[in-house]
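Containing CSV, C-alpha atoms: target.csv.
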```
chain,number,residue,atom,x,y,z
A,1,MET,CA,14.2,-41.2,-42.7
A,2,GLU,CA,16.4,-41.8,-39.7
A,3,LYS,CA,17.1,-38.0,-39.4
A,4,GLN,CA,13.4,-37.3,-39.4
A,5,ILE,CA,12.9,-39.9,-36.6
A,6,ASN,CA,15.7,-38.4,-34.5
A,7,TYR,CA,14.2,-34.9,-35.1
A,8,THR,CA,10.8,-36.2,-33.9
A,9,ARG,CA,12.3,-37.7,-30.8
A,10,LEU,CA,14.2,-34.6,-30.0
A,11,LYS,CA,11.1,-32.5,-30.4
A,12,ARG,CA,9.1,-34.8,-28.1
A,13,SER,CA,11.9,-34.7,-25.6
A,14,ALA,CA,12.0,-30.9,-25.7
A,15,THR,CA,8.2,-30.7,-25.4
A,16,PHE,CA,8.2,-33.1,-22.4
A,17,ARG,CA,11.0,-31.1,-20.6
A,18,SER,CA,9.1,-27.9,-21.3
A,19,ARG,CA,5.8,-29.3,-19.9
A,20,LEU,CA,7.7,-30.8,-16.9
A,21,GLY,CA,9.3,-27.5,-16.2
A,22,LYS,CA,6.0,-25.6,-16.3
A,23,ALA,CA,4.4,-28.2,-14.1
A,24,VAL,CA,7.1,-27.8,-11.5
A,25,ILE,CA,6.8,-24.0,-11.6
A,26,TYR,CA,3.0,-24.1,-11.2
A,27,LEU,CA,3.4,-26.6,-8.3
A,28,LEU,CA,5.8,-24.3,-6.5
A,29,LEU,CA,3.7,-21.2,-7.2
A,30,THR,CA,0.6,-23.1,-5.9
A,31,LEU,CA,2.5,-24.1,-2.7
A,32,TRP,CA,3.7,-20.5,-2.2
A,33,ALA,CA,0.2,-19.1,-2.8
A,34,LEU,CA,-1.2,-21.5,-0.1
A,35,ILE,CA,1.5,-20.4,2.3
A,36,VAL,CA,0.8,-16.7,1.7
A,37,LEU,CA,-3.0,-17.0,1.8
A,38,PHE,CA,-3.2,-19.3,4.8
A,39,PRO,CA,-2.9,-16.5,7.5
A,40,PHE,CA,-5.8,-14.8,5.8
A,41,TYR,CA,-7.8,-18.0,5.8
A,42,TRP,CA,-7.0,-18.6,9.4
A,43,MET,CA,-8.0,-15.0,10.3
A,44,VAL,CA,-11.4,-15.3,8.6
A,45,LEU,CA,-12.0,-18.8,10.0
A,46,THR,CA,-11.2,-17.7,13.6
A,47,SER,CA,-13.6,-14.7,13.2
A,48,VAL,CA,-16.6,-17.0,12.5
A,49,LYS,CA,-16.0,-19.3,15.4
A,50,THR,CA,-17.8,-18.9,18.6
A,51,TYR,CA,-15.8,-18.0,21.7
A,52,SER,CA,-16.6,-21.3,23.4
A,53,GLN,CA,-15.7,-23.3,20.3
A,54,TYR,CA,-12.4,-21.5,19.9
A,55,SER,CA,-11.5,-21.8,23.6
A,56,SER,CA,-12.4,-25.5,23.8
A,57,GLU,CA,-10.2,-26.5,20.9
A,58,SER,CA,-7.1,-28.3,22.3
A,59,VAL,CA,-6.0,-28.9,18.7
A,60,PRO,CA,-7.0,-26.0,16.3
A,61,SER,CA,-9.6,-27.0,13.7
A,62,PHE,CA,-9.1,-26.0,10.1
A,63,PHE,CA,-12.9,-25.6,9.4
A,64,THR,CA,-16.1,-25.0,11.3
A,65,LEU,CA,-19.6,-26.3,10.7
A,66,THR,CA,-21.3,-23.6,12.7
A,67,PRO,CA,-20.1,-20.2,11.5
A,68,THR,CA,-21.4,-17.2,13.3
A,69,VAL,CA,-21.4,-13.4,12.7
A,70,GLU,CA,-21.7,-12.7,16.4
A,71,ASN,CA,-18.0,-11.7,16.6
A,72,TYR,CA,-18.4,-9.0,14.0
A,73,VAL,CA,-21.3,-7.5,16.1
A,74,THR,CA,-19.1,-7.6,19.2
A,75,ALA,CA,-16.2,-6.0,17.4
A,76,PHE,CA,-18.3,-2.9,16.6
A,77,THR,CA,-19.8,-2.7,20.0
A,78,ALA,CA,-16.7,-3.2,22.1
A,79,VAL,CA,-15.1,0.0,20.7
A,80,PRO,CA,-16.5,2.7,18.4
A,81,LEU,CA,-15.1,1.0,15.4
A,82,ALA,CA,-17.4,2.9,13.0
A,83,LYS,CA,-16.0,6.2,14.3
A,84,TYR,CA,-12.5,5.0,13.8
A,85,PHE,CA,-13.3,4.0,10.3
A,86,ALA,CA,-14.6,7.5,9.6
A,87,ASN,CA,-11.5,9.0,11.1
A,88,THR,CA,-9.2,6.8,9.0
A,89,LEU,CA,-11.1,7.6,5.9
A,90,ILE,CA,-10.8,11.3,6.5
A,91,PHE,CA,-7.1,11.0,7.3
A,92,THR,CA,-6.4,8.7,4.3
A,93,LEU,CA,-8.2,10.8,1.7
A,94,ALA,CA,-6.9,14.2,2.9
A,95,THR,CA,-3.3,13.0,3.2
A,96,THR,CA,-3.3,11.3,-0.2
A,97,ALA,CA,-4.8,14.3,-2.0
A,98,VAL,CA,-2.3,16.8,-0.5
A,99,MET,CA,0.5,14.3,-1.0
A,100,LEU,CA,-0.3,14.0,-4.7
A,101,VAL,CA,-0.2,17.7,-5.2
A,102,VAL,CA,3.1,18.1,-3.4
A,103,THR,CA,4.7,15.1,-5.1
A,104,THR,CA,3.6,16.1,-8.6
A,105,LEU,CA,4.8,19.7,-8.3
A,106,ALA,CA,8.1,18.7,-6.7
A,107,ALA,CA,8.7,15.9,-9.3
A,108,PHE,CA,7.9,18.4,-12.1
A,109,GLY,CA,10.4,20.9,-10.7
A,110,PHE,CA,13.2,18.5,-10.5
A,111,ALA,CA,12.5,16.9,-13.9
A,112,ARG,CA,11.7,19.9,-16.1
A,113,LEU,CA,12.6,23.2,-14.5
A,114,ASN,CA,16.2,24.6,-14.7
A,115,PHE,CA,17.5,26.5,-11.7
A,116,ARG,CA,20.9,26.9,-10.0
A,117,GLY,CA,21.9,24.0,-7.8
A,118,LYS,CA,19.1,21.7,-9.0
A,119,GLU,CA,21.3,18.5,-9.1
A,120,LEU,CA,22.8,19.3,-5.7
A,121,ALA,CA,19.4,19.9,-4.2
A,122,PHE,CA,18.0,16.7,-5.6
A,123,THR,CA,21.0,14.7,-4.3
A,124,LEU,CA,20.6,16.2,-0.8
A,125,PHE,CA,16.8,15.4,-1.1
A,126,LEU,CA,17.6,11.8,-1.9
A,127,ALA,CA,19.9,11.7,1.0
A,128,LEU,CA,16.9,12.1,3.3
A,129,MET,CA,16.0,8.5,2.5
A,130,MET,CA,19.0,7.5,4.6
A,131,ILE,CA,17.6,9.1,7.7
A,132,PRO,CA,15.9,6.5,10.0
A,133,ASN,CA,12.2,7.0,10.4
A,134,GLU,CA,12.6,7.1,14.2
A,135,LEU,CA,14.6,10.3,14.0
A,136,VAL,CA,12.0,11.9,11.7
A,137,ILE,CA,9.2,10.9,14.0
A,138,ILE,CA,10.9,12.5,17.0
A,139,THR,CA,11.4,15.8,15.0
A,140,ASN,CA,7.9,15.7,13.8
A,141,PHE,CA,6.5,15.1,17.2
A,142,ILE,CA,8.4,18.1,18.7
A,143,THR,CA,7.2,20.3,15.8
A,144,ILE,CA,3.6,19.3,15.9
A,145,THR,CA,3.6,19.7,19.7
A,146,ASN,CA,5.1,23.2,19.6
A,147,LEU,CA,2.4,24.1,17.0
A,148,ASN,CA,-0.3,22.9,19.4
A,149,LEU,CA,-1.6,20.5,16.7
A,150,ARG,CA,-1.8,17.3,18.8
A,151,ASN,CA,-5.2,15.6,18.8
A,152,THR,CA,-6.1,17.3,15.5
A,153,PHE,CA,-6.5,16.0,11.9
A,154,LEU,CA,-4.0,18.6,10.8
A,155,GLY,CA,-1.4,17.2,13.2
A,156,LEU,CA,-2.0,13.7,11.8
A,157,ILE,CA,-1.9,14.8,8.2
A,158,LEU,CA,1.0,17.3,7.9
A,159,PRO,CA,4.0,14.9,8.5
A,160,SER,CA,2.7,12.5,5.8
A,161,ILE,CA,2.2,14.9,2.9
A,162,ALA,CA,5.7,14.5,1.4
A,163,SER,CA,7.6,11.3,0.4
A,164,VAL,CA,11.1,11.3,-1.0
A,165,PHE,CA,10.6,7.9,-2.7
A,166,TYR,CA,7.3,8.9,-4.5
A,167,ILE,CA,8.9,12.2,-5.7
A,168,TYR,CA,11.9,10.3,-7.0
A,169,LEU,CA,9.7,7.7,-8.7
A,170,LEU,CA,7.5,10.3,-10.4
A,171,ARG,CA,10.5,12.5,-11.3
A,172,GLU,CA,12.0,9.6,-13.2
A,173,ASN,CA,8.8,9.1,-15.1
A,174,PHE,CA,8.5,12.8,-16.0
A,175,ALA,CA,12.2,12.8,-17.1
A,176,GLN,CA,11.5,10.0,-19.6
A,177,VAL,CA,8.9,12.1,-21.5
A,178,PRO,CA,10.7,13.5,-24.7
A,179,ASP,CA,12.0,17.0,-24.3
A,180,GLU,CA,10.6,17.8,-27.7
A,181,LEU,CA,7.1,17.8,-26.3
A,182,TYR,CA,8.0,20.4,-23.7
A,183,TYR,CA,9.8,22.6,-26.2
A,184,ALA,CA,6.8,22.4,-28.6
A,185,ALA,CA,4.4,23.3,-25.8
A,186,LYS,CA,6.5,26.3,-24.9
A,187,VAL,CA,6.6,27.4,-28.5
A,188,ASP,CA,2.8,27.3,-28.6
A,189,GLY,CA,2.7,29.5,-25.5
A,190,THR,CA,1.7,26.8,-23.0
A,191,SER,CA,2.5,27.5,-19.4
A,192,ASP,CA,4.4,25.1,-17.3
A,193,MET,CA,1.4,24.3,-15.2
A,194,LYS,CA,-0.8,23.7,-18.2
A,195,TYR,CA,1.9,21.4,-19.7
A,196,LEU,CA,2.1,19.5,-16.4
A,197,LEU,CA,-1.7,19.0,-16.3
A,198,LYS,CA,-2.4,18.4,-20.0
A,199,VAL,CA,0.7,16.4,-21.0
A,200,LEU,CA,2.7,14.9,-18.2
A,201,VAL,CA,-0.1,13.8,-15.9
A,202,PRO,CA,-2.0,11.9,-18.6
A,203,ILE,CA,1.2,10.2,-19.9
A,204,CYS,CA,2.3,9.2,-16.4
A,205,ARG,CA,-1.2,8.2,-15.1
A,206,PRO,CA,-0.2,4.6,-14.3
A,207,THR,CA,2.5,5.8,-12.0
A,208,LEU,CA,0.3,8.3,-10.3
A,209,ILE,CA,-2.4,5.6,-9.8
A,210,THR,CA,0.3,3.4,-8.2
A,211,ILE,CA,1.5,6.1,-5.9
A,212,THR,CA,-2.1,6.9,-4.9
A,213,ILE,CA,-2.9,3.3,-4.0
A,214,LEU,CA,0.4,2.8,-2.2
A,215,LYS,CA,-0.2,5.9,-0.2
A,216,ILE,CA,-3.8,4.9,0.7
A,217,ILE,CA,-2.4,1.5,2.0
A,218,GLU,CA,0.3,3.3,3.9
A,219,CYS,CA,-2.2,5.7,5.6
A,220,TRP,CA,-4.7,3.0,6.3
A,221,ASN,CA,-2.1,0.9,8.1
A,222,SER,CA,-0.5,3.8,9.8
A,223,TYR,CA,0.0,3.1,13.5
A,224,VAL,CA,3.1,4.6,15.2
A,225,TRP,CA,2.5,8.3,14.3
A,226,PRO,CA,-1.3,8.3,15.1
A,227,ARG,CA,-0.6,6.5,18.3
A,228,LEU,CA,2.1,9.0,19.3
A,229,ILE,CA,0.3,12.2,18.4
A,230,THR,CA,-3.2,11.4,19.6
A,231,ASP,CA,-4.4,10.4,23.0
A,232,ASP,CA,-8.0,11.5,22.4
A,233,PRO,CA,-10.3,8.6,21.2
A,234,GLN,CA,-12.1,11.1,19.1
A,235,TYR,CA,-9.1,11.0,16.7
A,236,TYR,CA,-8.2,7.3,16.9
A,237,LEU,CA,-7.7,5.4,13.6
A,238,VAL,CA,-8.7,1.8,13.0
A,239,SER,CA,-5.2,0.6,13.9
A,240,ASN,CA,-5.4,2.4,17.2
A,241,GLY,CA,-8.8,0.9,17.7
A,242,ILE,CA,-7.4,-2.6,17.6
A,243,GLN,CA,-4.8,-1.7,20.1
A,244,GLU,CA,-7.5,-0.2,22.3
A,245,ILE,CA,-9.3,-3.5,22.3
A,246,ARG,CA,-6.2,-5.3,23.3
A,247,GLU,CA,-5.4,-2.8,26.1
A,248,ASN,CA,-8.9,-3.1,27.5
A,249,GLY,CA,-8.2,-6.8,27.9
A,250,PHE,CA,-10.8,-7.7,25.3
A,251,GLY,CA,-8.3,-9.0,22.8
A,252,ARG,CA,-6.7,-11.4,25.2
A,253,GLU,CA,-10.1,-13.0,26.2
A,254,ASN,CA,-12.0,-13.0,22.9
A,255,ILE,CA,-9.6,-13.7,20.1
A,256,PRO,CA,-12.4,-14.5,17.5
A,257,ALA,CA,-14.0,-11.0,18.0
A,258,MET,CA,-10.6,-9.4,17.7
A,259,MET,CA,-10.0,-11.3,14.4
A,260,ALA,CA,-13.4,-10.1,13.2
A,261,ALA,CA,-12.3,-6.5,13.7
A,262,VAL,CA,-9.1,-7.2,11.8
A,263,VAL,CA,-11.1,-8.8,8.9
A,264,VAL,CA,-13.3,-5.7,8.7
A,265,ILE,CA,-10.3,-3.4,8.7
A,266,SER,CA,-8.4,-5.4,6.1
A,267,ALA,CA,-11.2,-5.9,3.7
A,268,PRO,CA,-11.1,-2.4,2.1
A,269,LEU,CA,-7.4,-2.7,1.3
A,270,ILE,CA,-7.8,-6.2,-0.1
A,271,VAL,CA,-10.7,-5.1,-2.4
A,272,LEU,CA,-8.7,-2.0,-3.5
A,273,PHE,CA,-5.7,-4.2,-4.4
A,274,LEU,CA,-7.8,-6.7,-6.3
A,275,ILE,CA,-9.4,-4.0,-8.4
A,276,PHE,CA,-6.3,-2.0,-9.2
A,277,ARG,CA,-3.6,-4.8,-9.2
A,278,ARG,CA,-3.0,-4.5,-12.9
A,279,LYS,CA,-2.5,-0.7,-12.7
A,280,ILE,CA,-0.2,-1.1,-9.8
A,281,MET,CA,2.0,-3.5,-11.8
A,282,ALA,CA,1.8,-1.2,-14.9
A,283,GLY,CA,2.8,1.8,-12.8
A,284,VAL,CA,5.9,0.1,-11.4
A,285,ALA,CA,7.0,-1.6,-14.7
A,286,ARG,CA,6.3,1.1,-17.2
A,287,GLY,CA,8.2,4.2,-17.8
A,288,GLY,CA,6.9,7.6,-18.9
A,289,THR,CA,6.3,6.5,-22.5
A,290,LYS,CA,5.7,3.3,-24.4
A,291,GLY,CA,8.0,1.6,-26.8
```
Take the structure in the file and write it out as structure tokens.
Amino acid sequence: MEKQINYTRLKRSATFRSRLGKAVIYLLLTLWALIVLFPFYWMVLTSVKTYSQYSSESVPSFFTLTPTVENYVTAFTAVPLAKYFANTLIFTLATTAVMLVVTTLAAFGFARLNFRGKELAFTLFLALMMIPNELVIITNFITITNLNLRNTFLGLILPSIASVFYIYLLRENFAQVPDELYYAAKVDGTSDMKYLLKVLVPICRPTLITITILKIIECWNSYVWPRLITDDPQYYLVSNGIQEIRENGFGRENIPAMMAAVVVISAPLIVLFLIFRRKIMAGVARGGTKG
């Protein structure tokens, strides 16, 4: 009887410690979530305040009883933001599509094809990740300028169609697919391209989706290269549009309208992440096959 009582006490104690541990973890996660989300809340809150209300606040207010959409109208009229959205959409979709083709073919070559010097070539290829981006930008700028591709979509797109990291990530996924599938496909007379499209791509779809979404985010937020290679407003992207607002003095005087423009620009990426967040995590966590 005494042993049973001690066992019950130990069980209750373990349950209490487990619940206390979970409560502490949830509390810390909640605090961290509030810290991370607060800048987004502040951005949206500022965008719905009037200019007079924002300027008259000696102590910032954490809410407003008179929200307005005037700042969003001003953001689209101060600069041709809709035009910049269209340019960014063209740049993002074209770059991502070409990058997927290049990345898939390169990863397949390193993972499945046998040729002399493959390991050395792949090692040297990975070594490119050690080169600072600033050096690559200088080389790309000289090349694009010599090709007379400044202020063109082709000049914007070409330097972004290859990524060492994405090729490495996809190559590792391709390499995890059993060799027996490849040999069986070759016995059946399947070409390498058909094997790639019919077998590897469906198996590694989570990784491909992850690469696609990360590339879209990268292109949408691209600033340095578009700013460097374009000086014609006809080819400005949304990130350049925000800078144009600031350079015109508008950003310094009307912060609520500038925040409205940032909200509009950020919204597509936030929605994209919320929709595909599970696939992003699956693509990073999973290998080429299950089990």
I need the residue nearest Ile216 (chain A) from this list: A:Met130, A:Val263, A:Met43, A:Ile270. Use all atoms listed in the file for the distance. A:Ile270
Between CA of Ala111 (chain A) and CA of Leu208 (chain A), distance in Å (one decimal): 15.4 Å
Which residues, protein or nucleic acid, reach to within 7 Å of (-13.0, -11.1, 17.4) in the file's coordinates when using all atoms listed in the file, and can you give that as a list in words? Ser47, Asn71, Tyr72, Ala75, Asn254, Ile255, Pro256, Ala257, Met258, Met259, Ala260 and Ala261 of chain A
Taking into account only C-alpha atoms, which residue in the set A:Asn87, A:Thr212, A:Ser266, A:Thr152 is nearest to Tyr236 (chain A)?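 Using only C-alpha atoms, Tyr236 (chain A) sits closest to A:Asn87.
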Which residues of region 46-161 of chain A have any atom within 10 Å of an atom in region 172-193 of chain A when counting all atoms listed in the file, and what is the closest pair of atoms for each, with the distance in Å to one decimal? Order the rows by chain and rising number and write it as a Markdown table.
```
| residue | atom | partner | partner_atom | distance |
| --- | --- | --- | --- | --- |
| A:Thr104 | CA | A:Phe174 | CA | 9.5 |
| A:Leu105 | CA | A:Met193 | CA | 9.0 |
| A:Ala107 | CA | A:Phe174 | CA | 7.4 |
| A:Phe108 | CA | A:Phe174 | CA | 6.9 |
| A:Gly109 | CA | A:Asp192 | CA | 9.9 |
| A:Phe110 | CA | A:Ala175 | CA | 8.8 |
| A:Ala111 | CA | A:Ala175 | CA | 5.2 |
| A:Arg112 | CA | A:Ala175 | CA | 7.2 |
| A:Leu113 | CA | A:Asp192 | CA | 8.9 |
```
Write the residues you've just listed into a file as a compact mmCIF listing (two decimals), in the frame of the given file, and include C-alpha atoms for each of them.
```txt
# COMPACT_ATOMS: atom_id res chain seq x y z
CA THR A 104 3.60 16.10 -8.60
CA LEU A 105 4.80 19.70 -8.30
CA ALA A 107 8.70 15.90 -9.30
CA PHE A 108 7.90 18.40 -12.10
CA GLY A 109 10.40 20.90 -10.70
CA PHE A 110 13.20 18.50 -10.50
CA ALA A 111 12.50 16.90 -13.90
CA ARG A 112 11.70 19.90 -16.10
CA LEU A 113 12.60 23.20 -14.50
```
